Every structure is written in C-alpha cells, then in structure tokens.
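Source file: data28.cif; contents: mmCIF, C-alpha atoms.
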data_my_file
loop_
_atom_site.group_PDB
_atom_site.id
_atom_site.type_symbol
_atom_site.label_atom_id
_atom_site.label_comp_id
_atom_site.auth_asym_id
_atom_site.auth_seq_id
_atom_site.Cartn_x
_atom_site.Cartn_y
_atom_site.Cartn_z
ATOM 1 C CA PHE A 1 99.565 78.950 115.715
ATOM 2 C CA CYS A 2 100.400 76.140 113.249
ATOM 3 C CA PRO A 3 100.476 78.391 110.173
ATOM 4 C CA GLY A 4 100.759 75.403 107.856
ATOM 5 C CA LEU A 5 97.063 74.636 108.341
ATOM 6 C CA SER A 6 94.351 76.830 106.898
ATOM 7 C CA GLY A 7 91.461 77.892 109.132
ATOM 8 C CA LEU A 8 90.645 75.883 112.265
ATOM 9 C CA SER A 9 90.854 79.077 114.334
ATOM 10 C CA LYS A 10 88.727 77.744 117.198
ATOM 11 C CA VAL A 11 90.716 74.499 117.348
ATOM 12 C CA LYS A 12 94.015 76.379 117.361
ATOM 13 C CA LEU A 13 92.797 78.755 120.079
ATOM 14 C CA SER A 14 91.636 75.826 122.206
ATOM 15 C CA LEU A 15 95.003 74.089 121.887
ATOM 16 C CA LEU A 16 96.849 77.302 122.713
ATOM 17 C CA LEU A 17 94.820 77.770 125.897
ATOM 18 C CA THR A 18 95.450 74.116 126.780
ATOM 19 C CA LEU A 19 99.191 74.655 126.459
ATOM 20 C CA ILE A 20 99.024 77.825 128.567
ATOM 21 C CA GLY A 21 97.139 75.968 131.296
ATOM 22 C CA GLY A 22 95.584 77.286 134.457
ATOM 23 C CA VAL A 23 96.346 77.589 138.146
ATOM 24 C CA PRO A 24 95.962 74.576 140.484
ATOM 25 C CA ARG A 25 93.867 75.136 143.585
ATOM 26 C CA VAL A 26 93.792 73.490 147.001
ATOM 27 C CA ASP A 27 90.633 73.961 149.052
ATOM 28 C CA SER A 28 90.288 74.042 152.848
ATOM 29 C CA SER A 29 89.882 70.254 153.038
ATOM 30 C CA GLY A 30 93.185 69.708 151.253
ATOM 31 C CA THR A 31 91.653 68.532 147.990
ATOM 32 C CA ARG A 32 93.776 69.594 145.019
ATOM 33 C CA THR A 33 92.207 70.675 141.731
ATOM 34 C CA ARG A 34 94.569 70.401 138.799
ATOM 35 C CA GLY A 35 95.341 73.451 136.708
ATOM 36 C CA GLU A 36 96.335 71.568 133.562
ATOM 37 C CA SER A 37 93.701 70.849 130.908
ATOM 38 C CA HIS A 38 93.356 67.750 128.747
ATOM 39 C CA CYS A 39 92.190 67.994 125.141
ATOM 40 C CA LEU A 40 91.077 65.302 122.693
ATOM 41 C CA LEU A 41 90.915 65.874 118.935
ATOM 42 C CA ILE A 42 88.362 63.665 117.183
ATOM 43 C CA GLY A 43 88.048 63.813 113.427
ATOM 44 C CA ASP A 44 88.210 62.199 110.042
ATOM 45 C CA PRO A 45 91.651 61.387 108.590
ATOM 46 C CA GLY A 46 93.458 64.076 106.642
ATOM 47 C CA LEU A 47 92.296 67.084 108.644
ATOM 48 C CA GLY A 48 95.658 67.937 110.219
ATOM 49 C CA LYS A 49 95.337 66.395 113.688
ATOM 50 C CA SER A 50 98.875 64.999 113.646
ATOM 51 C CA GLN A 51 100.236 68.320 112.389
ATOM 52 C CA LEU A 52 98.560 70.149 115.268
ATOM 53 C CA LEU A 53 100.047 67.734 117.812
ATOM 54 C CA LYS A 54 103.530 68.085 116.338
ATOM 55 C CA TYR A 55 103.256 71.872 116.494
ATOM 56 C CA CYS A 56 102.100 71.716 120.141
ATOM 57 C CA ALA A 57 105.124 69.596 121.004
ATOM 58 C CA ARG A 58 107.473 71.886 119.083
ATOM 59 C CA ILE A 59 106.476 75.165 120.757
ATOM 60 C CA SER A 60 106.239 73.745 124.294
ATOM 61 C CA ALA A 61 109.212 74.123 126.581
ATOM 62 C CA ARG A 62 108.800 70.535 127.747
ATOM 63 C CA ALA A 63 106.919 68.045 125.614
ATOM 64 C CA VAL A 64 106.764 64.353 124.778
ATOM 65 C CA LEU A 65 105.244 63.208 121.476
ATOM 66 C CA THR A 66 104.214 59.588 121.058
ATOM 67 C CA THR A 67 101.699 57.509 119.115
ATOM 68 C CA GLY A 68 99.180 54.878 120.054
ATOM 69 C CA PHE A 69 100.836 52.343 117.764
ATOM 70 C CA GLY A 70 103.079 50.210 119.948
ATOM 71 C CA SER A 71 102.565 52.313 123.090
ATOM 72 C CA THR A 72 101.886 50.182 126.157
ATOM 73 C CA SER A 73 100.845 51.098 129.663
ATOM 74 C CA ALA A 74 104.474 50.779 130.768
ATOM 75 C CA GLY A 75 105.626 53.088 127.985
ATOM 76 C CA LEU A 76 103.031 55.682 128.943
ATOM 77 C CA THR A 77 103.458 55.445 132.728
ATOM 78 C CA VAL A 78 106.462 53.654 134.248
ATOM 79 C CA THR A 79 108.241 50.322 133.987
ATOM 80 C CA ALA A 80 110.643 48.405 136.233
ATOM 81 C CA GLN A 81 113.953 47.187 134.806
ATOM 82 C CA ARG A 82 116.702 45.065 136.303
ATOM 83 C CA GLU A 83 120.211 46.446 136.089
ATOM 84 C CA ALA A 84 123.316 44.388 135.415
ATOM 85 C CA GLY A 85 124.046 44.252 139.142
ATOM 86 C CA GLY A 86 120.658 42.718 139.885
ATOM 87 C CA GLU A 87 119.012 45.837 141.332
ATOM 88 C CA TRP A 88 115.637 47.063 140.062
ATOM 89 C CA ILE A 89 115.168 50.595 138.788
ATOM 90 C CA LEU A 90 112.147 52.515 137.513
ATOM 91 C CA GLU A 91 112.133 53.744 133.921
ATOM 92 C CA ALA A 92 109.878 56.766 133.402
ATOM 93 C CA GLY A 93 107.280 56.669 130.650
ATOM 94 C CA ALA A 94 105.885 59.428 128.449
ATOM 95 C CA LEU A 95 103.511 60.946 131.045
ATOM 96 C CA VAL A 96 106.193 61.068 133.741
ATOM 97 C CA LEU A 97 108.772 62.559 131.374
ATOM 98 C CA ALA A 98 106.250 65.256 130.398
ATOM 99 C CA ASP A 99 105.748 66.392 134.005
ATOM 100 C CA GLY A 100 105.474 70.172 133.926
ATOM 101 C CA GLY A 101 104.788 70.253 130.199
ATOM 102 C CA VAL A 102 102.553 68.560 127.660
ATOM 103 C CA CYS A 103 102.192 64.947 126.497
ATOM 104 C CA CYS A 104 100.920 64.577 122.913
ATOM 105 C CA ILE A 105 99.495 61.180 121.962
ATOM 106 C CA ASP A 106 98.640 60.629 118.322
ATOM 107 C CA GLU A 107 96.427 57.749 117.111
ATOM 108 C CA PHE A 108 95.038 57.450 120.627
ATOM 109 C CA ASP A 109 92.342 55.054 119.433
ATOM 110 C CA CYS A 110 95.009 52.505 118.445
ATOM 111 C CA THR A 111 96.099 51.884 122.048
ATOM 112 C CA ARG A 112 94.770 48.768 123.694
ATOM 113 C CA GLU A 113 91.937 49.056 126.191
ATOM 114 C CA SER A 114 94.087 47.692 129.030
ATOM 115 C CA ASP A 115 96.739 50.318 128.288
ATOM 116 C CA ARG A 116 94.208 53.173 128.258
ATOM 117 C CA THR A 117 92.937 52.353 131.738
ATOM 118 C CA ALA A 118 96.465 52.706 133.103
ATOM 119 C CA ILE A 119 96.449 56.474 132.501
ATOM 120 C CA HIS A 120 93.215 57.238 134.375
ATOM 121 C CA GLU A 121 95.040 58.138 137.580
ATOM 122 C CA ALA A 122 97.736 60.038 135.697
ATOM 123 C CA MET A 123 95.175 62.290 134.022
ATOM 124 C CA GLU A 124 92.922 63.008 137.005
ATOM 125 C CA GLN A 125 95.105 62.800 140.142
ATOM 126 C CA GLN A 126 98.262 63.650 138.166
ATOM 127 C CA THR A 127 100.219 60.933 139.925
ATOM 128 C CA ILE A 128 101.143 57.343 139.144
ATOM 129 C CA SER A 129 101.167 54.819 141.970
ATOM 130 C CA VAL A 130 103.913 52.264 141.463
ATOM 131 C CA ALA A 131 104.224 48.888 143.187
ATOM 132 C CA LYS A 132 106.646 46.854 141.093
ATOM 133 C CA ALA A 133 109.560 44.596 141.988
ATOM 134 C CA GLY A 134 109.490 45.726 145.631
ATOM 135 C CA LEU A 135 109.477 49.408 144.660
ATOM 136 C CA VAL A 136 106.514 51.365 146.044
ATOM 137 C CA CYS A 137 106.263 55.072 145.272
ATOM 138 C CA LYS A 138 104.265 57.800 143.571
ATOM 139 C CA LEU A 139 105.461 59.731 140.542
ATOM 140 C CA ASN A 140 104.101 63.093 139.395
ATOM 141 C CA THR A 141 102.433 63.508 136.009
ATOM 142 C CA ARG A 142 101.483 67.191 136.214
ATOM 143 C CA CYS A 143 101.139 67.655 132.487
ATOM 144 C CA SER A 144 98.487 68.475 129.919
ATOM 145 C CA VAL A 145 97.447 65.595 127.684
ATOM 146 C CA VAL A 146 96.655 66.433 124.065
ATOM 147 C CA ALA A 147 95.486 63.365 122.156
ATOM 148 C CA ALA A 148 94.079 62.729 118.694
ATOM 149 C CA CYS A 149 91.990 59.842 117.421
ATOM 150 C CA ASN A 150 89.982 58.821 114.362
ATOM 151 C CA PRO A 151 86.347 57.721 114.471
ATOM 152 C CA LYS A 152 85.311 54.227 113.486
ATOM 153 C CA GLY A 153 84.684 54.849 109.792
ATOM 154 C CA LYS A 154 82.839 58.052 108.971
ATOM 155 C CA PHE A 155 81.837 60.183 111.959
ATOM 156 C CA ASP A 156 78.112 59.822 112.605
ATOM 157 C CA PRO A 157 76.659 62.921 114.313
ATOM 158 C CA GLU A 158 73.560 60.933 115.260
ATOM 159 C CA GLU A 159 75.588 58.613 117.490
ATOM 160 C CA ASP A 160 77.238 59.360 120.813
ATOM 161 C CA ILE A 161 80.911 60.323 120.780
ATOM 162 C CA ALA A 162 81.845 57.241 122.794
ATOM 163 C CA VAL A 163 80.247 55.068 120.108
ATOM 164 C CA ASN A 164 82.000 56.897 117.267
ATOM 165 C CA VAL A 165 85.498 56.602 118.721
ATOM 166 C CA ALA A 166 85.098 53.373 120.720
ATOM 167 C CA LEU A 167 86.550 54.941 123.872
ATOM 168 C CA ALA A 168 85.139 54.194 127.297
ATOM 169 C CA ALA A 169 83.117 56.914 129.010
ATOM 170 C CA PRO A 170 85.393 57.037 132.110
ATOM 171 C CA LEU A 171 88.345 57.913 129.889
ATOM 172 C CA LEU A 172 86.427 60.472 127.834
ATOM 173 C CA SER A 173 85.254 62.182 131.036
ATOM 174 C CA ARG A 174 88.875 62.939 131.946
ATOM 175 C CA PHE A 175 89.283 65.160 128.905
ATOM 176 C CA ASP A 176 88.205 68.723 129.627
ATOM 177 C CA LEU A 177 87.733 69.554 125.960
ATOM 178 C CA LEU A 178 86.590 67.398 123.048
ATOM 179 C CA LEU A 179 87.121 68.964 119.611
ATOM 180 C CA LEU A 180 85.322 67.524 116.597
ATOM 181 C CA LEU A 181 86.930 67.933 113.177
ATOM 182 C CA ILE A 182 84.465 66.832 110.507
ATOM 183 C CA ASP A 183 85.334 66.747 106.806
ATOM 184 C CA ASN A 184 82.222 68.327 105.315
ATOM 185 C CA GLU A 185 81.899 68.640 101.557
ATOM 186 C CA SER A 186 82.512 72.315 100.775
ATOM 187 C CA GLU A 187 83.918 73.608 97.502
ATOM 188 C CA ALA A 188 84.662 77.009 99.032
ATOM 189 C CA ARG A 189 86.666 75.448 101.872
ATOM 190 C CA ASP A 190 88.580 73.199 99.447
ATOM 191 C CA ARG A 191 89.502 76.205 97.312
ATOM 192 C CA ARG A 192 90.619 78.122 100.398
ATOM 193 C CA VAL A 193 92.816 75.234 101.550
ATOM 194 C CA CYS A 194 94.336 74.799 98.075
ATOM 195 C CA SER A 195 95.124 78.504 97.871
ATOM 196 C CA HIS A 196 96.744 78.393 101.301
ATOM 197 C CA VAL A 197 98.953 75.434 100.330
ATOM 198 C CA LEU A 198 99.990 77.023 97.008
ATOM 199 C CA ASP A 199 100.777 80.361 98.660
ATOM 200 C CA ALA A 200 102.877 78.617 101.322
ATOM 201 C CA ASP A 201 104.826 76.654 98.698
ATOM 202 C CA SER A 202 105.374 79.807 96.634
ATOM 203 C CA ALA A 203 106.668 81.661 99.693
ATOM 204 C CA LYS A 204 109.131 78.827 100.434
ATOM 205 C CA ALA A 205 110.321 78.804 96.806
ATOM 206 C CA ARG A 206 110.883 82.571 96.878
ATOM 207 C CA ALA A 207 112.774 82.293 100.170
ATOM 208 C CA ARG A 208 115.058 79.605 98.723
ATOM 209 C CA ALA A 209 115.661 81.689 95.598
ATOM 210 C CA ASP A 210 116.485 84.794 97.662
ATOM 211 C CA GLY A 211 118.843 82.712 99.817
ATOM 212 C CA ALA A 212 120.626 81.361 96.744
ATOM 213 C CA LEU A 213 121.019 84.878 95.324
ATOM 214 C CA SER A 214 122.378 86.199 98.603
ATOM 215 C CA ALA A 215 124.897 83.359 98.786
ATOM 216 C CA GLY A 216 125.991 84.067 95.208
ATOM 217 C CA ASP A 217 126.458 87.773 95.924
ATOM 218 C CA GLY A 218 128.513 86.902 98.996
ATOM 219 C CA ARG A 219 130.872 84.687 97.000
ATOM 220 C CA ALA A 220 131.163 87.326 94.333
#
Please lay out the structure from this file as structure tokens.
Amino acid sequence: FCPGLSGLSKVKLSLLLTLIGGVPRVDSSGTRTRGESHCLLIGDPGLGKSQLLKYCARISARAVLTTGFGSTSAGLTVTAQREAGGEWILEAGALVLADGGVCCIDEFDCTRESDRTAIHEAMEQQTISVAKAGLVCKLNTRCSVVAACNPKGKFDPEEDIAVNVALAAPLLSRFDLLLLLIDNESEARDRRVCSHVLDADSAKARARADGALSAGDGRA
C-alpha cells in the first residue's frame, strides 16, 4: 500500500481497512448503521498525507479527490443551476459523486467553517437533504471520507486535538478514526527514509535503462 512512502505501516493498514469498509446494519426499529468508515489524517507538513490520499483515490474503483482550497459547501454536496431553457437542475458535488466509493479531501483545515457544517449530515446519515429552487429531495452519500489536515503550527501533544487542528468537536466526532502523524526528530528514521527514496530512484533508473536496451534490441 503506497510503496512510495517508507514505514507508516499502521497508517497504511488503517487506510486499507477504511477503503474495504464494513457491512451496514438495520436494527428492528429501522435505524440504519452505516458500514463505511471515515478517517482523518492529522500531522505536520511533509509527512506524506497528500500522497496517501492520492493513492487511496487511485486504487479505489470509485473515488473523488478534492482539496479544501476553494471547495465550498455546494461543491462538496450539491448545487442548483439554471439551464438555458429556464429550468433548474441539481449538480452533484464531490460527496454525491463518490457514492459507493471514497471521497478524499486534502487540506481539510482550509475549508471554511460554514462549508464544513454542510457535510455533517452527509457523513453521519449518508444523505443530503436538498431544498433549492423548488427542488426538494434527498441524495445518497454512501461513501467513506478520508481527509487530511495540518495542525495550527507545531502539533502540541499537551493540547486537545480540536485545539490543535481548529476543527469543531461535532465534526471530529463523525470521524471513526483519527491518525496522528508527528514529525519527531530521529536520525535513524531519517536515514531509513533517505535509503528508501534512493533505492526507489535507483530502481526506476534501472527500469528505464532496461527498457531502452530492450527497445534498441528490437530495432536491431
């Protein structure tokens, strides 16, 4: 899982289980319990959070990858647009398009507070209630949400997570798994990461050289 990153075995296993998902249940009273899990990556910059999200989106059969920069509540949920003929139509957002798959949101902390509250229902009830331009309906958002955010400055283990990332507690409670990626000073880890990067680059160089030789032999 994401071989370009060294280590992070527990994080990779957690993301893999999130992508696999579970089985939804409906009890005798008719209450539905979602089977999809939501995961939030919290960590210092430069630890590979964006790379993990891109890999999740790449290996999933159905995935939508977006960022918090410029994403609004309409872009994440649904928006109403007027056609040339004057009729209103609904344009699906990222969570609706990812129904049955996974929605990856990078730089989640950069979304505005008003836009974050719009996805509460989508994450918990897995539906979006729409009442726009005379259109009233419910859209399914049965997807796993994998998001990544940076702390405010350096992560402080003495403070609460909500204080470190400046996310409201109601939104944090909708994530089933919070993964902390902390950049601790470790010479051994830095050497291991450097070796992993150099070995990966060497393997790519050898593959390109072998490909060039094979192409030359074919022309010959």
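Considering only C-alpha atoms, the residue among A:Ser37, A:Ala200, A:Asn150, A:Ala80 positioned nearest to Val23 (chain A) is A:Ser37.
Distances to Val78 (chain A) were evaluated for A:Thr141, A:Lys54, A:Asp27, A:Ile59 using only C-alpha atoms, and the minimum falls at A:Thr141.
As for CA of Val146 (chain A) and CA of Leu172 (chain A), they are spaced 12.4 Å apart.
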Report as number ranges by chain the full result of the PyMOL selection byres ((chain A and resi 107) around 12) when it is applied to this structure. A: 40-45, 49-50, 53, 65-71, 104-106, 108-112, 146-151, 165
Pull out every residue that the PyMOL selection byres ((chain A and resi 17) around 12) matches in the shown coordinates and put them as a list in words. Phe1, Lys10, Val11, Lys12, Leu13, Ser14, Leu15, Leu16, Thr18, Leu19, Ile20, Gly21, Gly22, Gly35, Glu36, Ser37, His38, Cys39, Cys56, Ser144, Val146, Asp176 and Leu177 of chain A
So what does the PyMOL selection byres ((chain A and resi 101) around 6) actually pick up in this one, as a PyMOL selection string? chain A and resi 62-63+98-100+102+143
If I take CA of Thr127 (chain A) and CA of Ser60 (chain A), how far is one from the other in Å, to one decimal? 21.1 Å
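Atom pair CA of Thr77 (chain A) / CA of Leu95 (chain A) has a distance of 5.8 Å (rounded to one decimal).
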Who sits within 10 Å of Leu171 (chain A), only C-alpha atoms, same chain under 3 positions skipped, as a compact mmCIF listing (two decimals) with C-alpha atoms, in the coordinates of the input:
# COMPACT_ATOMS: atom_id res chain seq x y z
CA ARG A 116 94.21 53.17 128.26
CA THR A 117 92.94 52.35 131.74
CA ILE A 119 96.45 56.47 132.50
CA HIS A 120 93.22 57.24 134.38
CA MET A 123 95.18 62.29 134.02
CA GLU A 124 92.92 63.01 137.00
CA ALA A 162 81.84 57.24 122.79
CA LEU A 167 86.55 54.94 123.87
CA ALA A 168 85.14 54.19 127.30
CA ARG A 174 88.88 62.94 131.95
CA PHE A 175 89.28 65.16 128.90
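Nearest residue to Ser73 (chain A) among A:Ile161, A:Leu198, A:Val136, A:Ala118 is A:Ala118, counting only C-alpha atoms.
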File output, region 15-51 of chain A (N, CA and C atoms) as a PDB file, in the first residue's frame:
ATOM      1  N   LEU A  15      -5.883   2.871   6.604  1.00  0.00           N
ATOM      2  CA  LEU A  15      -6.495   3.381   5.378  1.00  0.00           C
ATOM      3  C   LEU A  15      -7.019   2.242   4.514  1.00  0.00           C
ATOM      4  N   LEU A  16      -6.290   1.143   4.475  1.00  0.00           N
ATOM      5  CA  LEU A  16      -6.746  -0.006   3.683  1.00  0.00           C
ATOM      6  C   LEU A  16      -8.054  -0.557   4.234  1.00  0.00           C
ATOM      7  N   LEU A  17      -8.157  -0.676   5.550  1.00  0.00           N
ATOM      8  CA  LEU A  17      -9.405  -1.157   6.148  1.00  0.00           C
ATOM      9  C   LEU A  17     -10.541  -0.166   5.926  1.00  0.00           C
ATOM     10  N   THR A  18     -10.217   1.133   5.915  1.00  0.00           N
ATOM     11  CA  THR A  18     -11.242   2.142   5.636  1.00  0.00           C
ATOM     12  C   THR A  18     -11.776   1.992   4.223  1.00  0.00           C
ATOM     13  N   LEU A  19     -10.887   1.728   3.278  1.00  0.00           N
ATOM     14  CA  LEU A  19     -11.316   1.552   1.890  1.00  0.00           C
ATOM     15  C   LEU A  19     -12.140   0.272   1.722  1.00  0.00           C
ATOM     16  N   ILE A  20     -11.764  -0.779   2.455  1.00  0.00           N
ATOM     17  CA  ILE A  20     -12.530  -2.028   2.369  1.00  0.00           C
ATOM     18  C   ILE A  20     -13.934  -1.835   2.922  1.00  0.00           C
ATOM     19  N   GLY A  21     -14.042  -1.107   4.041  1.00  0.00           N
ATOM     20  CA  GLY A  21     -15.348  -0.822   4.617  1.00  0.00           C
ATOM     21  C   GLY A  21     -15.933  -1.987   5.388  1.00  0.00           C
ATOM     22  N   GLY A  22     -17.146  -1.786   5.841  1.00  0.00           N
ATOM     23  CA  GLY A  22     -17.840  -2.810   6.614  1.00  0.00           C
ATOM     24  C   GLY A  22     -19.195  -3.133   6.009  1.00  0.00           C
ATOM     25  N   VAL A  23     -20.076  -3.634   6.840  1.00  0.00           N
ATOM     26  CA  VAL A  23     -21.407  -4.035   6.389  1.00  0.00           C
ATOM     27  C   VAL A  23     -22.451  -3.192   7.124  1.00  0.00           C
ATOM     28  N   PRO A  24     -23.295  -2.449   6.412  1.00  0.00           N
ATOM     29  CA  PRO A  24     -24.342  -1.671   7.091  1.00  0.00           C
ATOM     30  C   PRO A  24     -25.367  -2.576   7.757  1.00  0.00           C
ATOM     31  N   ARG A  25     -25.915  -2.104   8.862  1.00  0.00           N
ATOM     32  CA  ARG A  25     -26.890  -2.890   9.611  1.00  0.00           C
ATOM     33  C   ARG A  25     -28.146  -2.060   9.845  1.00  0.00           C
ATOM     34  N   VAL A  26     -29.273  -2.743   9.862  1.00  0.00           N
ATOM     35  CA  VAL A  26     -30.563  -2.127  10.168  1.00  0.00           C
ATOM     36  C   VAL A  26     -31.189  -2.917  11.307  1.00  0.00           C
ATOM     37  N   ASP A  27     -31.431  -2.246  12.434  1.00  0.00           N
ATOM     38  CA  ASP A  27     -31.978  -2.959  13.589  1.00  0.00           C
ATOM     39  C   ASP A  27     -33.491  -3.098  13.478  1.00  0.00           C
ATOM     40  N   SER A  28     -34.111  -3.672  14.506  1.00  0.00           N
ATOM     41  CA  SER A  28     -35.551  -3.952  14.473  1.00  0.00           C
ATOM     42  C   SER A  28     -36.391  -2.685  14.413  1.00  0.00           C
ATOM     43  N   SER A  29     -35.858  -1.571  14.917  1.00  0.00           N
ATOM     44  CA  SER A  29     -36.616  -0.313  14.888  1.00  0.00           C
ATOM     45  C   SER A  29     -36.482   0.417  13.561  1.00  0.00           C
ATOM     46  N   GLY A  30     -35.669  -0.117  12.659  1.00  0.00           N
ATOM     47  CA  GLY A  30     -35.493   0.523  11.360  1.00  0.00           C
ATOM     48  C   GLY A  30     -34.332   1.495  11.298  1.00  0.00           C
ATOM     49  N   THR A  31     -33.591   1.610  12.385  1.00  0.00           N
ATOM     50  CA  THR A  31     -32.444   2.520  12.405  1.00  0.00           C
ATOM     51  C   THR A  31     -31.284   1.885  11.640  1.00  0.00           C
ATOM     52  N   ARG A  32     -30.717   2.644  10.717  1.00  0.00           N
ATOM     53  CA  ARG A  32     -29.624   2.133   9.884  1.00  0.00           C
ATOM     54  C   ARG A  32     -28.286   2.587  10.451  1.00  0.00           C
ATOM     55  N   THR A  33     -27.358   1.653  10.554  1.00  0.00           N
ATOM     56  CA  THR A  33     -25.987   1.950  10.970  1.00  0.00           C
ATOM     57  C   THR A  33     -25.084   1.803   9.762  1.00  0.00           C
ATOM     58  N   ARG A  34     -24.383   2.856   9.429  1.00  0.00           N
ATOM     59  CA  ARG A  34     -23.567   2.840   8.212  1.00  0.00           C
ATOM     60  C   ARG A  34     -22.421   1.839   8.328  1.00  0.00           C
ATOM     61  N   GLY A  35     -22.032   1.294   7.190  1.00  0.00           N
ATOM     62  CA  GLY A  35     -20.914   0.365   7.161  1.00  0.00           C
ATOM     63  C   GLY A  35     -19.615   1.018   6.739  1.00  0.00           C
ATOM     64  N   GLU A  36     -19.689   2.215   6.164  1.00  0.00           N
ATOM     65  CA  GLU A  36     -18.499   2.919   5.719  1.00  0.00           C
ATOM     66  C   GLU A  36     -17.843   3.656   6.889  1.00  0.00           C
ATOM     67  N   SER A  37     -16.530   3.682   6.897  1.00  0.00           N
ATOM     68  CA  SER A  37     -15.770   4.368   7.944  1.00  0.00           C
ATOM     69  C   SER A  37     -15.213   5.675   7.402  1.00  0.00           C
ATOM     70  N   HIS A  38     -15.010   6.626   8.309  1.00  0.00           N
ATOM     71  CA  HIS A  38     -14.416   7.912   7.963  1.00  0.00           C
ATOM     72  C   HIS A  38     -13.099   8.051   8.719  1.00  0.00           C
ATOM     73  N   CYS A  39     -12.078   8.526   8.030  1.00  0.00           N
ATOM     74  CA  CYS A  39     -10.737   8.603   8.602  1.00  0.00           C
ATOM     75  C   CYS A  39     -10.164   9.996   8.385  1.00  0.00           C
ATOM     76  N   LEU A  40      -9.522  10.527   9.408  1.00  0.00           N
ATOM     77  CA  LEU A  40      -8.902  11.853   9.342  1.00  0.00           C
ATOM     78  C   LEU A  40      -7.420  11.735   9.676  1.00  0.00           C
ATOM     79  N   LEU A  41      -6.571  12.189   8.757  1.00  0.00           N
ATOM     80  CA  LEU A  41      -5.134  12.223   8.968  1.00  0.00           C
ATOM     81  C   LEU A  41      -4.740  13.607   9.484  1.00  0.00           C
ATOM     82  N   ILE A  42      -4.096  13.636  10.630  1.00  0.00           N
ATOM     83  CA  ILE A  42      -3.648  14.892  11.235  1.00  0.00           C
ATOM     84  C   ILE A  42      -2.137  14.804  11.408  1.00  0.00           C
ATOM     85  N   GLY A  43      -1.411  15.756  10.861  1.00  0.00           N
ATOM     86  CA  GLY A  43       0.033  15.678  11.009  1.00  0.00           C
ATOM     87  C   GLY A  43       0.757  16.883  10.466  1.00  0.00           C
ATOM     88  N   ASP A  44       2.012  16.969  10.813  1.00  0.00           N
ATOM     89  CA  ASP A  44       2.858  18.063  10.358  1.00  0.00           C
ATOM     90  C   ASP A  44       3.054  17.974   8.848  1.00  0.00           C
ATOM     91  N   PRO A  45       3.339  19.098   8.199  1.00  0.00           N
ATOM     92  CA  PRO A  45       3.576  19.069   6.741  1.00  0.00           C
ATOM     93  C   PRO A  45       4.785  18.216   6.386  1.00  0.00           C
ATOM     94  N   GLY A  46       4.737  17.631   5.191  1.00  0.00           N
ATOM     95  CA  GLY A  46       5.862  16.869   4.685  1.00  0.00           C
ATOM     96  C   GLY A  46       5.923  15.430   5.132  1.00  0.00           C
ATOM     97  N   LEU A  47       4.840  14.891   5.664  1.00  0.00           N
ATOM     98  CA  LEU A  47       4.845  13.511   6.133  1.00  0.00           C
ATOM     99  C   LEU A  47       4.104  12.558   5.193  1.00  0.00           C
ATOM    100  N   GLY A  48       3.673  13.050   4.041  1.00  0.00           N
ATOM    101  CA  GLY A  48       3.083  12.167   3.035  1.00  0.00           C
ATOM    102  C   GLY A  48       1.575  12.032   3.098  1.00  0.00           C
ATOM    103  N   LYS A  49       0.884  12.951   3.748  1.00  0.00           N
ATOM    104  CA  LYS A  49      -0.581  12.827   3.843  1.00  0.00           C
ATOM    105  C   LYS A  49      -1.232  12.931   2.461  1.00  0.00           C
ATOM    106  N   SER A  50      -0.792  13.892   1.667  1.00  0.00           N
ATOM    107  CA  SER A  50      -1.373  14.050   0.329  1.00  0.00           C
ATOM    108  C   SER A  50      -1.081  12.836  -0.541  1.00  0.00           C
ATOM    109  N   GLN A  51       0.112  12.273  -0.401  1.00  0.00           N
ATOM    110  CA  GLN A  51       0.467  11.086  -1.183  1.00  0.00           C
ATOM    111  C   GLN A  51      -0.422   9.902  -0.814  1.00  0.00           C
TER     112      GLN A  51
END
